[in-house]
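Worksheet: the structure to be examined is printed underneath.
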Amino acid sequence: QVQLVESGGGLVQAGGSLRLSCAASGRTLSAYGMGWFRQAPGKEREFVAAITWTGDSTYYADSVKGRFTISRTNAKNTVYLQMNSLKPEDTAVYYCAADKLLRTYSDAVSHPKYDYWGQGTQVTVSS
């Protein structure tokens, strides 16, 4: 069993930055691919970014490409999402998730494939 806890959310003005963290306990994250998803009120959960267990490959939604960066530190059992140039449309609850079989982009964007989820952290971007 893997427990995931997100942190780092908050209120920021448009154009600002936040760094989300996802800390794992229970098992090492080093064998898991990791993803970030978000869900805004009244909308479906959508893929944001993902990283393979080796860290060699990263994947991004078009809407965040060039602004967000996913990274991981297996020694700290933590995954990060650096979010720059934030826009009001980035406002959502952000969730991290772990998938032991994440290899490709199609794996990354499919939220049913993920094995474990955190409880989410709110990000609000004001205009």
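Letters A, B, ... go to the chains of the structure tokens in the order shown; residues in each chain start at 1; ligands are counted from 1 in the same order.
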Just want the 8 Å neighbourhood of A:Asn74, counted on only C-alpha atoms, with same-chain residues fewer than 5 positions away dropped. Output as a ChimeraX atom specification. /A:28-30,79
Preceding selection exported with N, CA, C and O atoms as a short mmCIF file (atom, residue, chain, number, x, y, z; two decimals), in the first residue's frame:
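Wrote it out as part-v3.cif, contents follow:
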```cif
data_model
loop_
_atom_site.label_atom_id
_atom_site.label_comp_id
_atom_site.auth_asym_id
_atom_site.auth_seq_id
_atom_site.Cartn_x
_atom_site.Cartn_y
_atom_site.Cartn_z
N THR A 28 8.33 2.43 -1.20
CA THR A 28 9.14 3.35 -1.97
C THR A 28 8.46 3.67 -3.29
O THR A 28 7.82 2.81 -3.90
N LEU A 29 8.60 4.91 -3.71
CA LEU A 29 8.03 5.33 -4.97
C LEU A 29 8.91 4.99 -6.16
O LEU A 29 8.50 5.18 -7.30
N SER A 30 10.09 4.49 -5.89
CA SER A 30 11.06 4.35 -6.97
C SER A 30 10.61 3.39 -8.06
O SER A 30 11.07 3.47 -9.19
N VAL A 79 7.66 13.50 -5.27
CA VAL A 79 7.51 13.99 -6.63
C VAL A 79 7.06 15.45 -6.55
O VAL A 79 6.30 15.82 -5.64
#
```
Can you check which residues of chain A DSSP gives as strand (DSSP E or B) on the backbone and send them as a VMD selection string? chain A and resid 3 to 7 10 to 13 18 to 25 33 to 39 46 to 51 58 to 60 68 to 73 78 to 83 92 to 99 116 to 117 121 to 126
Could you save those same residues with C-alpha atoms as an mmCIF file, in the first residue's frame?
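The result, stored in result15.cif:
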```
data_model
loop_
_atom_site.group_PDB
_atom_site.id
_atom_site.type_symbol
_atom_site.label_atom_id
_atom_site.label_comp_id
_atom_site.auth_asym_id
_atom_site.auth_seq_id
_atom_site.Cartn_x
_atom_site.Cartn_y
_atom_site.Cartn_z
ATOM 1 C CA GLN A 3 -0.053 6.625 0.860
ATOM 2 C CA LEU A 4 0.363 9.867 -1.051
ATOM 3 C CA VAL A 5 0.117 13.322 0.492
ATOM 4 C CA GLU A 6 0.153 16.484 -1.605
ATOM 5 C CA SER A 7 1.219 19.878 -0.319
ATOM 6 C CA GLY A 10 -2.472 27.951 -2.195
ATOM 7 C CA LEU A 11 -3.610 31.262 -3.603
ATOM 8 C CA VAL A 12 -1.398 33.034 -6.120
ATOM 9 C CA GLN A 13 -1.820 35.854 -8.598
ATOM 10 C CA LEU A 18 3.871 27.436 -6.975
ATOM 11 C CA ARG A 19 5.643 24.154 -6.337
ATOM 12 C CA LEU A 20 3.519 21.182 -5.386
ATOM 13 C CA SER A 21 5.003 18.223 -3.563
ATOM 14 C CA CYS A 22 3.728 14.676 -3.291
ATOM 15 C CA ALA A 23 5.260 12.660 -0.494
ATOM 16 C CA ALA A 24 4.824 8.917 -0.284
ATOM 17 C CA SER A 25 4.826 6.561 2.633
ATOM 18 C CA GLY A 33 5.537 6.103 -12.436
ATOM 19 C CA MET A 34 3.921 9.232 -11.043
ATOM 20 C CA GLY A 35 1.316 11.571 -12.406
ATOM 21 C CA TRP A 36 -0.375 14.847 -11.554
ATOM 22 C CA PHE A 37 -4.014 15.425 -12.390
ATOM 23 C CA ARG A 38 -6.355 18.304 -11.625
ATOM 24 C CA GLN A 39 -10.063 18.823 -11.289
ATOM 25 C CA GLU A 46 -7.743 15.962 -16.350
ATOM 26 C CA PHE A 47 -4.170 14.894 -16.870
ATOM 27 C CA VAL A 48 -1.468 17.476 -16.149
ATOM 28 C CA ALA A 49 1.944 15.778 -16.138
ATOM 29 C CA ALA A 50 3.654 12.456 -15.518
ATOM 30 C CA ILE A 51 7.098 10.976 -15.051
ATOM 31 C CA THR A 58 8.136 13.093 -18.784
ATOM 32 C CA TYR A 59 4.764 13.860 -20.306
ATOM 33 C CA TYR A 60 2.650 17.003 -20.226
ATOM 34 C CA PHE A 68 4.964 23.223 -15.605
ATOM 35 C CA THR A 69 7.797 20.835 -14.804
ATOM 36 C CA ILE A 70 7.468 17.460 -13.111
ATOM 37 C CA SER A 71 10.421 15.953 -11.290
ATOM 38 C CA ARG A 72 11.126 13.334 -8.682
ATOM 39 C CA THR A 73 13.591 12.554 -5.948
ATOM 40 C CA THR A 78 8.803 12.694 -3.324
ATOM 41 C CA VAL A 79 7.507 13.992 -6.630
ATOM 42 C CA TYR A 80 7.233 17.670 -7.483
ATOM 43 C CA LEU A 81 5.254 19.841 -9.854
ATOM 44 C CA GLN A 82 6.803 23.241 -10.464
ATOM 45 C CA MET A 83 4.146 25.547 -11.863
ATOM 46 C CA ALA A 92 -8.269 23.353 -9.518
ATOM 47 C CA VAL A 93 -7.639 20.678 -6.943
ATOM 48 C CA TYR A 94 -4.388 18.960 -7.882
ATOM 49 C CA TYR A 95 -3.891 15.264 -7.224
ATOM 50 C CA CYS A 96 -0.814 13.094 -7.465
ATOM 51 C CA ALA A 97 -1.085 9.433 -8.337
ATOM 52 C CA ALA A 98 1.160 6.371 -8.634
ATOM 53 C CA ASP A 99 1.121 3.791 -11.402
ATOM 54 C CA TYR A 116 -2.890 5.057 -5.705
ATOM 55 C CA TRP A 117 -4.116 8.643 -5.277
ATOM 56 C CA THR A 121 -4.314 20.176 -2.753
ATOM 57 C CA GLN A 122 -6.169 23.325 -3.825
ATOM 58 C CA VAL A 123 -4.527 25.751 -6.229
ATOM 59 C CA THR A 124 -6.289 29.054 -6.820
ATOM 60 C CA VAL A 125 -4.984 31.583 -9.324
ATOM 61 C CA SER A 126 -6.493 35.043 -9.156
#
```
